[in-house]
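Structure file coords.txt; described as compact mmCIF, C-alpha atoms.
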```txt
# COMPACT_ATOMS: atom_id res chain seq x y z
CA MET A 336 -15.36 3.15 40.32
CA GLN A 337 -13.37 -0.07 40.32
CA ILE A 338 -10.05 -0.36 38.51
CA GLY A 339 -11.62 -2.88 36.12
CA ASP A 340 -14.28 -0.32 35.07
CA ILE A 341 -11.63 2.37 34.59
CA LYS A 342 -9.62 0.03 32.37
CA ARG A 343 -12.69 -0.84 30.32
CA HIS A 344 -13.48 2.88 29.82
CA ALA A 345 -9.87 3.57 28.87
CA GLU A 346 -9.88 0.72 26.35
CA LEU A 347 -13.18 1.85 24.86
CA SER A 348 -12.02 5.45 24.49
CA PHE A 349 -8.75 4.28 22.91
CA GLU A 350 -10.63 2.05 20.49
CA VAL A 351 -13.02 4.88 19.57
CA ALA A 352 -10.09 7.28 19.09
CA GLN A 353 -8.28 4.73 16.92
CA ALA A 354 -11.39 4.02 14.86
CA LYS A 355 -11.59 7.80 14.22
CA ARG A 356 -7.92 7.93 13.21
CA ASN A 357 -8.42 5.01 10.79
CA ALA A 358 -11.53 6.62 9.34
CA LEU A 359 -9.68 9.91 8.93
CA GLU A 360 -6.84 8.14 7.11
CA LYS A 361 -9.39 6.42 4.90
CA MET A 362 -10.97 9.80 4.16
CA HIS A 363 -7.62 11.37 3.26
CA SER A 364 -6.77 8.41 1.07
CA ARG A 365 -10.12 8.56 -0.72
CA GLN A 366 -9.65 12.31 -1.26
CA LEU A 367 -6.78 11.63 -3.69
CA LEU A 368 -8.07 12.63 -7.09
CA ALA A 369 -6.45 12.10 -10.49
CA TYR A 370 -6.84 15.05 -12.85
CA ASN A 371 -5.09 15.64 -16.15
CA GLY A 372 -2.45 13.03 -15.29
CA ARG A 373 -1.67 14.57 -11.90
CA LEU A 374 -2.64 13.70 -8.35
CA PHE A 375 -4.46 16.11 -6.04
CA ARG A 376 -6.06 16.08 -2.63
CA ALA A 377 -9.72 17.07 -2.74
CA ASP A 378 -9.22 19.05 0.46
CA ALA A 379 -10.08 22.59 1.54
CA ALA A 380 -6.69 23.99 0.48
CA THR A 381 -6.96 22.70 -3.10
CA ILE A 382 -10.59 23.74 -3.40
CA ASN A 383 -9.78 27.23 -2.15
CA LEU A 384 -6.78 27.57 -4.47
CA VAL A 385 -8.71 26.47 -7.57
CA SER A 386 -11.69 28.59 -6.61
CA THR A 387 -9.50 31.68 -6.15
CA LEU A 388 -7.44 31.23 -9.33
CA LYS A 389 -10.47 30.62 -11.50
CA GLN A 390 -11.87 34.03 -10.57
CA THR A 391 -9.13 35.77 -12.55
CA ASN A 392 -7.84 33.16 -15.03
CA LYS A 393 -9.58 31.01 -17.64
CA ASP A 394 -6.78 28.48 -17.29
CA PHE A 395 -3.78 28.26 -14.94
CA TYR A 396 -1.01 26.05 -13.55
CA ILE A 397 -0.83 24.52 -10.08
CA LEU A 398 1.40 21.96 -8.36
CA ASP A 399 0.09 18.48 -7.55
CA CYS A 400 0.83 16.36 -4.44
CA ASN A 401 4.27 15.37 -5.79
CA GLN A 402 5.16 18.96 -6.76
CA ASN A 403 4.54 18.28 -10.45
CA PRO A 404 2.97 21.14 -12.44
CA CYS A 405 -0.49 20.70 -13.86
CA HIS A 406 -2.23 22.80 -16.50
CA VAL A 407 -5.83 23.34 -15.41
CA GLU A 408 -7.73 24.04 -18.62
CA ASP A 409 -11.22 23.44 -17.28
CA PRO A 410 -11.33 25.12 -13.83
CA ASP A 411 -15.10 24.70 -13.47
CA GLY A 412 -14.99 20.95 -14.15
CA PHE A 413 -11.97 20.49 -11.88
CA LEU A 414 -13.56 22.45 -9.05
CA ARG A 415 -16.78 20.44 -9.39
CA ALA A 416 -14.81 17.15 -9.22
CA LEU A 417 -12.88 18.37 -6.17
CA ILE A 418 -16.01 19.46 -4.31
CA ASP A 419 -17.87 16.23 -5.19
CA ARG A 420 -15.03 14.06 -3.89
CA ASN A 421 -14.50 16.25 -0.84
CA GLN A 422 -18.15 16.10 0.17
CA GLU A 423 -18.46 12.36 -0.58
CA THR A 424 -15.57 11.58 1.76
CA LEU A 425 -16.65 14.03 4.46
CA ASN A 426 -20.18 12.65 4.37
CA GLN A 427 -18.81 9.14 4.98
CA TYR A 428 -16.60 10.38 7.79
CA HIS A 429 -19.50 12.29 9.34
CA GLN A 430 -21.67 9.15 9.40
CA LEU A 431 -18.95 7.18 11.14
CA HIS A 432 -18.32 10.03 13.54
CA VAL A 433 -21.97 9.98 14.60
CA GLU A 434 -21.85 6.20 15.14
CA LEU A 435 -18.67 6.46 17.21
CA ALA A 436 -20.12 9.26 19.32
CA LYS A 437 -22.98 6.93 20.30
CA LYS A 438 -20.53 4.14 21.09
CA GLY A 439 -18.40 6.38 23.29
CA SER A 440 -21.29 7.80 25.31
CA MET B 1383 -2.16 -5.45 -21.92
CA ASP B 1384 -2.65 -1.92 -20.64
CA ILE B 1385 -2.82 -2.42 -16.89
CA GLY B 1386 -2.65 -5.36 -14.50
CA VAL B 1387 -1.43 -6.65 -11.17
CA LEU B 1388 1.88 -8.48 -10.80
CA MET B 1389 2.44 -10.62 -7.73
CA TYR B 1390 5.30 -12.79 -6.48
CA CYS B 1391 4.46 -15.87 -4.45
CA PHE B 1392 6.74 -18.65 -3.24
CA ASP B 1393 5.60 -21.05 -0.53
CA THR B 1394 8.14 -21.99 2.11
CA ASP B 1395 8.21 -24.91 4.55
CA GLU B 1396 6.65 -22.67 7.20
CA VAL B 1397 4.29 -20.36 5.30
CA ALA B 1398 1.72 -21.23 2.62
CA TYR B 1399 1.89 -17.91 0.78
CA HIS B 1400 -0.37 -19.25 -1.99
CA GLY B 1401 -3.33 -19.06 0.45
CA LEU B 1402 -2.65 -15.35 0.95
CA ALA B 1403 -2.24 -14.88 -2.81
CA GLU B 1404 -5.59 -16.54 -3.56
CA ARG B 1405 -7.35 -14.19 -1.14
CA CYS B 1406 -5.41 -11.24 -2.53
CA VAL B 1407 -6.43 -12.12 -6.12
CA SER B 1408 -10.06 -12.40 -5.06
CA GLN B 1409 -9.92 -8.87 -3.59
CA VAL B 1410 -8.21 -7.50 -6.71
CA LYS B 1411 -10.93 -9.02 -8.91
CA THR B 1412 -13.71 -7.58 -6.73
CA HIS B 1413 -12.40 -4.06 -6.25
CA LEU B 1414 -10.09 -3.40 -9.19
CA GLY B 1415 -11.32 -5.84 -11.86
CA LEU B 1416 -7.79 -6.24 -13.22
CA HIS B 1417 -5.91 -9.11 -14.82
CA VAL B 1418 -3.33 -10.70 -12.49
CA THR B 1419 0.02 -12.31 -13.23
CA ILE B 1420 1.58 -14.44 -10.49
CA VAL B 1421 5.29 -15.19 -10.66
CA THR B 1422 5.95 -18.39 -8.76
CA ASN B 1423 7.83 -21.69 -8.81
CA ARG B 1424 6.50 -25.12 -9.88
CA GLN B 1425 5.95 -26.40 -6.35
CA THR B 1426 3.84 -23.39 -5.34
CA MET B 1427 1.94 -23.25 -8.63
CA ALA B 1428 0.75 -26.84 -8.12
CA ARG B 1429 -0.98 -25.76 -4.88
CA PHE B 1430 -3.06 -22.92 -6.36
CA LYS B 1431 -6.74 -23.50 -7.01
CA GLN B 1432 -8.16 -22.69 -10.44
CA MET B 1433 -8.64 -18.90 -10.80
CA ASP B 1434 -10.08 -16.97 -13.77
CA GLY B 1435 -8.15 -14.02 -15.19
CA VAL B 1436 -4.89 -15.13 -13.63
CA GLU B 1437 -1.77 -16.00 -15.54
CA PHE B 1438 1.21 -17.81 -14.02
CA ARG B 1439 4.82 -17.27 -14.84
CA VAL B 1440 7.09 -20.00 -13.53
CA VAL B 1441 10.63 -19.17 -12.41
CA GLU B 1442 13.13 -20.80 -10.06
CA HIS B 1443 13.46 -18.83 -6.84
CA ARG B 1444 16.84 -17.96 -5.38
CA PRO B 1445 17.10 -19.42 -1.85
CA GLY B 1446 19.24 -18.14 1.03
CA ASN B 1447 17.28 -15.22 2.42
CA PHE B 1448 15.40 -15.23 5.72
CA ARG B 1449 13.09 -13.11 7.87
CA PRO B 1450 12.33 -12.89 11.56
CA TYR B 1451 8.68 -13.73 12.29
CA ARG B 1452 7.07 -14.05 15.72
CA GLY B 1453 10.22 -15.22 17.47
CA LYS B 1454 11.35 -17.53 14.68
CA VAL B 1455 13.61 -17.16 11.69
CA LEU B 1456 11.89 -18.27 8.47
CA ALA B 1457 13.00 -18.79 4.88
CA TRP B 1458 12.00 -15.88 2.63
CA HIS B 1459 12.05 -16.08 -1.16
CA ASN B 1460 11.81 -12.40 -2.09
CA ARG B 1461 14.72 -11.84 -4.46
CA GLU B 1462 12.85 -12.37 -7.74
CA ARG B 1463 10.86 -9.16 -7.26
CA VAL B 1464 13.74 -7.08 -8.64
CA LEU B 1465 12.89 -8.56 -12.05
CA ALA B 1466 9.36 -7.13 -12.02
CA TYR B 1467 10.03 -4.81 -14.95
CA GLU B 1468 11.03 -7.78 -17.13
CA HIS B 1469 8.35 -10.12 -15.79
CA SER B 1470 5.44 -7.71 -16.21
CA PRO B 1471 3.33 -8.12 -19.35
CA TYR B 1472 1.56 -4.81 -18.68
CA GLU B 1473 2.19 -1.23 -19.82
CA THR B 1474 1.11 -0.05 -16.37
CA THR B 1475 1.85 -2.50 -13.57
CA ILE B 1476 0.60 -2.62 -10.02
CA LEU B 1477 3.30 -4.68 -8.33
CA MET B 1478 1.75 -6.01 -5.15
CA ASP B 1479 2.77 -8.25 -2.27
CA CYS B 1480 0.38 -11.17 -1.79
CA ASP B 1481 -0.25 -9.96 1.78
CA TYR B 1482 -1.66 -6.61 0.58
CA PHE B 1483 -5.45 -6.73 0.54
CA VAL B 1484 -7.48 -4.38 -1.60
CA PHE B 1485 -10.82 -3.14 -0.27
CA SER B 1486 -11.21 -0.02 -2.44
CA ASP B 1487 -10.60 1.22 -6.00
CA ARG B 1488 -7.94 3.68 -4.80
CA LEU B 1489 -5.16 2.05 -6.86
CA LEU B 1490 -7.18 2.61 -10.05
CA GLU B 1491 -7.35 6.32 -9.22
CA LEU B 1492 -3.57 6.42 -8.73
CA SER B 1493 -3.02 4.56 -12.02
CA LYS B 1494 -4.73 7.40 -13.94
CA THR B 1495 -1.85 9.78 -13.18
CA GLU B 1496 1.52 10.25 -14.88
CA PHE B 1497 4.42 8.52 -13.16
CA ASP B 1498 7.37 6.27 -13.79
CA VAL B 1499 7.42 4.64 -10.34
CA LEU B 1500 4.91 5.39 -7.60
CA LEU B 1501 5.01 3.89 -4.10
CA HIS B 1502 4.42 4.56 -0.40
CA ASP B 1503 7.00 6.28 1.79
CA ARG B 1504 4.83 6.30 4.94
CA VAL B 1505 2.69 3.78 6.79
CA HIS B 1506 -0.35 4.09 9.03
CA ASP B 1507 -0.47 1.56 11.87
CA ILE B 1508 -4.13 0.53 12.05
CA THR B 1509 -3.83 -0.35 15.75
CA GLY B 1510 -2.63 3.19 16.51
CA LYS B 1511 0.16 1.83 18.69
CA ASN B 1512 3.08 2.83 16.49
CA LEU B 1513 4.33 -0.74 16.16
CA ILE B 1514 5.70 -0.50 12.64
CA ALA B 1515 7.84 2.50 11.81
CA GLY B 1516 11.30 1.54 13.02
CA ARG B 1517 13.79 4.01 14.39
CA ASN B 1518 17.51 4.10 13.75
CA GLU B 1519 17.34 1.20 11.29
CA GLY B 1520 19.49 2.96 8.70
CA VAL B 1521 20.40 6.39 7.38
CA ILE B 1522 18.03 6.32 4.43
CA PRO B 1523 14.34 7.23 4.48
CA LEU B 1524 12.50 3.93 4.09
CA VAL B 1525 10.05 3.38 1.28
CA TRP B 1526 7.58 0.49 1.11
CA ALA B 1527 7.83 -1.85 -1.87
CA THR B 1528 4.60 -3.57 -0.80
CA VAL B 1529 2.64 -1.92 -3.58
CA VAL B 1530 4.48 -0.22 -6.42
CA LEU B 1531 2.94 1.23 -9.57
CA PHE B 1532 5.24 1.52 -12.56
CA ARG B 1533 5.06 2.10 -16.28
CA LYS B 1534 7.21 0.76 -19.09
CA THR B 1535 9.22 3.98 -19.49
CA PRO B 1536 12.98 4.58 -19.76
CA ASN B 1537 13.01 6.09 -16.24
CA ALA B 1538 11.26 3.09 -14.70
CA GLU B 1539 13.59 0.74 -16.58
CA THR B 1540 16.55 2.64 -15.11
CA VAL B 1541 15.06 2.42 -11.60
CA PHE B 1542 14.66 -1.35 -11.87
CA ALA B 1543 18.16 -1.74 -13.33
CA MET B 1544 19.43 0.15 -10.28
CA ILE B 1545 17.35 -1.99 -7.93
CA ARG B 1546 18.89 -5.12 -9.49
CA HIS B 1547 22.35 -3.62 -9.06
CA VAL B 1548 21.63 -2.82 -5.40
CA ALA B 1549 20.27 -6.34 -4.82
CA GLU B 1550 23.35 -7.92 -6.39
CA ASN B 1551 25.64 -5.78 -4.21
CA TYR B 1552 23.34 -5.58 -1.22
CA ASN B 1553 25.98 -6.11 1.41
CA HIS B 1554 27.94 -3.11 0.17
CA TYR B 1555 24.88 -0.84 0.06
CA ARG B 1556 23.63 -2.15 3.39
CA HIS B 1557 26.83 -0.99 5.03
CA LEU B 1558 26.92 2.25 3.03
CA TYR B 1559 23.47 3.19 4.33
CA ARG B 1560 24.13 1.66 7.77
CA ILE B 1561 21.10 -0.62 7.58
CA LYS B 1562 21.10 -2.67 10.74
CA TYR B 1563 19.34 -5.78 9.37
CA ASN B 1564 21.54 -8.26 7.53
CA ASN B 1565 18.79 -9.99 5.57
CA TYR B 1566 17.75 -8.74 2.12
CA ARG B 1567 14.68 -6.50 2.04
CA ASN B 1568 13.12 -5.14 -1.13
CA ASP B 1569 11.98 -2.06 0.79
CA TYR B 1570 15.60 -1.05 1.30
CA ALA B 1571 16.69 -2.03 -2.23
CA PHE B 1572 13.94 0.21 -3.65
CA ALA B 1573 14.76 3.01 -1.19
CA ILE B 1574 18.47 2.91 -2.06
CA ALA B 1575 17.84 2.82 -5.83
CA LEU B 1576 15.43 5.76 -5.67
CA HIS B 1577 17.84 7.68 -3.45
CA GLN B 1578 20.75 7.03 -5.81
CA LEU B 1579 18.78 8.10 -8.88
CA GLY B 1580 16.59 10.83 -7.43
CA LEU B 1581 13.60 9.35 -9.22
CA GLY B 1582 10.18 8.10 -8.19
CA ASP B 1583 7.00 9.64 -6.87
CA PHE B 1584 5.28 8.85 -3.60
CA ILE B 1585 1.67 8.05 -2.84
CA PRO B 1586 0.52 11.01 -0.73
CA SER B 1587 -1.49 8.95 1.76
CA PRO B 1588 0.26 6.46 4.07
CA MET B 1589 -0.19 2.70 3.62
CA PRO B 1590 -2.54 1.18 6.23
CA MET B 1591 -0.73 -1.74 7.81
CA SER B 1592 -0.92 -4.18 10.72
CA ALA B 1593 2.23 -5.26 12.56
CA VAL B 1594 3.62 -8.79 12.85
CA ASP B 1595 2.05 -9.49 16.26
CA VAL B 1596 -1.44 -8.42 15.20
CA ASP B 1597 -3.70 -11.45 14.59
CA VAL B 1598 -6.23 -11.26 11.80
CA LEU B 1599 -9.42 -12.97 12.93
CA ASP B 1600 -11.47 -12.86 9.76
CA SER B 1601 -12.40 -10.77 6.76
CA ASP B 1602 -15.44 -10.04 4.62
CA SER B 1603 -15.99 -8.02 1.45
CA GLU B 1604 -15.57 -4.72 3.32
CA GLY B 1605 -12.52 -5.21 5.49
CA VAL B 1606 -10.64 -7.26 8.06
CA CYS B 1607 -11.21 -7.88 11.73
CA PHE B 1608 -8.08 -8.14 13.84
CA ARG B 1609 -6.91 -8.43 17.43
CA HIS B 1610 -3.96 -6.97 19.30
CA ARG B 1611 -3.38 -7.47 23.03
CA GLY B 1612 -7.02 -8.11 23.83
CA SER B 1613 -8.42 -5.27 21.72
CA ILE B 1614 -10.42 -6.07 18.62
CA TYR B 1615 -10.59 -3.68 15.67
CA HIS B 1616 -11.84 -3.75 12.11
CA THR B 1617 -11.22 -1.88 8.90
CA ASN B 1618 -13.83 -0.82 6.40
CA GLY B 1619 -13.17 0.06 2.76
CA GLN B 1620 -9.46 0.51 3.39
CA ASP B 1621 -6.65 -1.32 1.55
CA VAL B 1622 -4.39 -2.92 4.15
CA HIS B 1623 -1.00 -4.62 4.35
CA ILE B 1624 -1.20 -7.54 6.78
CA MET B 1625 1.89 -9.04 8.37
CA ASP B 1626 0.07 -12.03 9.92
CA LYS B 1627 1.00 -14.75 7.43
CA GLU B 1628 -1.19 -17.51 8.82
CA TRP B 1629 -4.73 -16.12 8.79
CA CYS B 1630 -5.69 -17.39 5.33
CA ASN B 1631 -4.54 -20.89 6.19
CA GLY B 1632 -6.73 -21.52 9.18
```
Exercise: express the given structure as structure tokens:
Amino acid sequence: MQIGDIKRHAELSFEVAQAKRNALEKMHSRQLLAYNGRLFRADAATINLVSTLKQTNKDFYILDCNQNPCHVEDPDGFLRALIDRNQETLNQYHQLHVELAKKGS
Amino acid sequence: MDIGVLMYCFDTDEVAYHGLAERCVSQVKTHLGLHVTIVTNRQTMARFKQMDGVEFRVVEHRPGNFRPYRGKVLAWHNRERVLAYEHSPYETTILMDCDYFVFSDRLLELSKTEFDVLLHDRVHDITGKNLIAGRNEGVIPLVWATVVLFRKTPNAETVFAMIRHVAENYNHYRHLYRIKYNNYRNDYAFAIALHQLGLGDFIPSPMPMSAVDVDVLDSDSEGVCFRHRGSIYHTNGQDVHIMDKEWCNG
């Protein structure tokens, strides 16, 4: 393989990797969810926390992204909103991931 | 008015900022659907095209500041921004630089939360080459005043009073925090004020941004296409702060 080909492969793999990083940042940004005046990430940790707490409490308090307390009075509604946003963003990221995999191959 | 976007825009001899502001307003209308107020001077206002849902507030800018840009030193009229609390007609304000381009409704989501002042304290370099975050530029964690959400609350009023105080005594605070640049930057004035008061919340996701030497080639409704050292990239559905000041002006 010529040095020119190696450079082109390196550039392509860097561009694909960077496109993934940008898409991941976009996903994280889109996962920010406003609830009851507070800001949460619709990520696995928040979903797991809410899902666990709602098994034993009808309402409860958790900390938001800026360490502010939030009273969760409707755990079912909150969990639904978190899962919807989480899956919406992951679905978008998955589609891009598939496209990038084709580009990189 | 409940919520709107406040923007500062002053053309200089070298940069036609009004071209950036027109594009910025168009993106705000498309993705946020909010009313916009532009604070500007008479000379710049005369250059704007007619835009619906935009109100102008005319002030006289304070000259004397400068910025390095692509090997040159350019005039920079950025000192009026400290008066945003007084200039804003909105209960909830999205204070935005005219080189910040909105391609999502993310700021509306953030505006639904409780805060006095909300802004970015991290950036994401969209080229992935780590061209932006400076090292050893001062002894204070930098915040980014590019996009700042604030409400008309006593805490926010105090923050802006402190920012004005820092701006008026910038040389003192610049030395106190060992900031190596001797021009005035709102980012540092905001960072110092928030540090002094211990107030303010941060946007949990970093601000996507392109560095000064990244050329923007074009944009459409979904994102921007840009080039850096022979590589071409694009963004999609991501708000982005663009340092290339010439792309909207051909």
Please tabulate, as CSV, the residues of chain B that come within 8 Å of chain A, each with its closest pair of atoms and the distance in Å to one decimal, counting all atoms listed in the file and ordering rows by chain, then residue number upward.
```
residue,atom,partner,partner_atom,distance
B:Arg1488,CA,A:Arg365,CA,6.7
B:Glu1491,CA,A:Ala369,CA,6.0
B:Leu1492,CA,A:Ala369,CA,6.6
B:Lys1494,CA,A:Ala369,CA,6.1
B:Thr1495,CA,A:Gly372,CA,3.9
B:Glu1496,CA,A:Gly372,CA,4.9
B:His1506,CA,A:Glu360,CA,7.9
B:Ile1508,CA,A:Asn357,CA,6.3
B:Thr1509,CA,A:Gln353,CA,6.9
B:Gly1510,CA,A:Gln353,CA,5.9
B:Asp1583,CA,A:Asn401,CA,6.4
B:Phe1584,CA,A:Asn401,CA,7.0
B:Pro1586,CA,A:Cys400,CA,6.5
B:Ser1587,CA,A:Ser364,CA,5.4
B:Pro1588,CA,A:Ser364,CA,7.9
B:Ser1613,CA,A:Glu346,CA,7.7
B:Tyr1615,CA,A:Glu350,CA,7.5
B:Thr1617,CA,A:Asn357,CA,7.7
B:Gly1619,CA,A:Lys361,CA,7.7
B:Gln1620,CA,A:Lys361,CA,6.1
```
Residue selection dump (C-alpha atoms) as a PDB file, keeping the file's coordinate frame:
```
ATOM      1  CA  ARG B1488      -7.940   3.680  -4.800  1.00  0.00           C
ATOM      2  CA  GLU B1491      -7.350   6.320  -9.220  1.00  0.00           C
ATOM      3  CA  LEU B1492      -3.570   6.420  -8.730  1.00  0.00           C
ATOM      4  CA  LYS B1494      -4.730   7.400 -13.940  1.00  0.00           C
ATOM      5  CA  THR B1495      -1.850   9.780 -13.180  1.00  0.00           C
ATOM      6  CA  GLU B1496       1.520  10.250 -14.880  1.00  0.00           C
ATOM      7  CA  HIS B1506      -0.350   4.090   9.030  1.00  0.00           C
ATOM      8  CA  ILE B1508      -4.130   0.530  12.050  1.00  0.00           C
ATOM      9  CA  THR B1509      -3.830  -0.350  15.750  1.00  0.00           C
ATOM     10  CA  GLY B1510      -2.630   3.190  16.510  1.00  0.00           C
ATOM     11  CA  ASP B1583       7.000   9.640  -6.870  1.00  0.00           C
ATOM     12  CA  PHE B1584       5.280   8.850  -3.600  1.00  0.00           C
ATOM     13  CA  PRO B1586       0.520  11.010  -0.730  1.00  0.00           C
ATOM     14  CA  SER B1587      -1.490   8.950   1.760  1.00  0.00           C
ATOM     15  CA  PRO B1588       0.260   6.460   4.070  1.00  0.00           C
ATOM     16  CA  SER B1613      -8.420  -5.270  21.720  1.00  0.00           C
ATOM     17  CA  TYR B1615     -10.590  -3.680  15.670  1.00  0.00           C
ATOM     18  CA  THR B1617     -11.220  -1.880   8.900  1.00  0.00           C
ATOM     19  CA  GLY B1619     -13.170   0.060   2.760  1.00  0.00           C
ATOM     20  CA  GLN B1620      -9.460   0.510   3.390  1.00  0.00           C
TER      21      GLN B1620
END
```
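The residue set within 9 Å of Asp1498 of chain B, counting all atoms listed in the file and dropping same-chain residues fewer than 2 places from it, reads B:Glu1496, B:Leu1500, B:Leu1531, B:Phe1532, B:Arg1533, B:Lys1534, B:Thr1535, B:Pro1536, B:Asn1537, B:Ala1538, B:Glu1539, B:Val1541, B:Leu1581, B:Gly1582, B:Asp1583.
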| field | Residue among B:Gln1578, B:Thr1528, B:Asn1568, B:Gln1425 lying closest to Met1591 of chain B, counting all atoms listed in the file | value | B:Thr1528
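For segment 409-420 of chain A, the residues within 7 Å (counting only C-alpha atoms, excluding itself and residues fewer than 4 positions away along the chain) are Gln366, Ala377, Ile382, Val385, Ser386, Lys389, Asp394 and Thr424 of chain A.
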| message | Taking only C-alpha atoms into account, name the residue in B:His1577, B:Arg1405, B:Lys1454, B:Lys1511 that is nearest to Pro1523 of chain B. | response | B:His1577
| Rounded to one decimal in Å, what is the spacing between atom CA of Glu1396 of chain B and atom CA of Glu1468 of chain B? | 28.9 Å
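Of the listed residues (B:Asp1479, B:Asp1595, B:Asp1393, B:Asp1626), B:Asp1479 comes nearest to Cys1406 of chain B; the distances count all atoms listed in the file.
The shortest atom-to-atom distance to His1413 of chain B, with only C-alpha atoms taken into account, belongs to B:Gly1605 out of B:Asn1518, B:Gly1605, B:His1469, B:Val1530.
Straight-line separation from atom CA of Val1440 of chain B to atom CA of Val1464 of chain B: 15.3 Å.
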| task | Name the residues in contact with segment 1556-1565 of chain B at a cut-off of 8 Å, using all atoms listed in the file, excluding same-chain residues fewer than 4 positions from it; report them as a list of chain:residue names. | result | B:Asn1447, B:Phe1448, B:Arg1449, B:Glu1519, B:Gly1520, B:Val1521, B:Ile1522, B:Tyr1552
| So how many Å separate atom CA of Lys438 of chain A and atom CA of Ser348 of chain A, to one decimal? | 9.3 Å
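Residues with any atom within 7 Å of Leu1416 of chain B, counting all atoms listed in the file and excluding same-chain neighbours fewer than 4 positions away, are B:Gly1386, B:Val1387, B:Val1410, B:Lys1411.
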| task | Could you check which of B:Ile1585, B:Cys1480, B:Trp1526, B:Pro1471 is closest to Asp399 of chain A, using all atoms listed in the file? | result | B:Ile1585
| field | From B:Lys1627, B:His1443, B:Arg1546, B:Arg1609, residue lying nearest Tyr1390 of chain B [only C-alpha atoms] | value | B:His1443
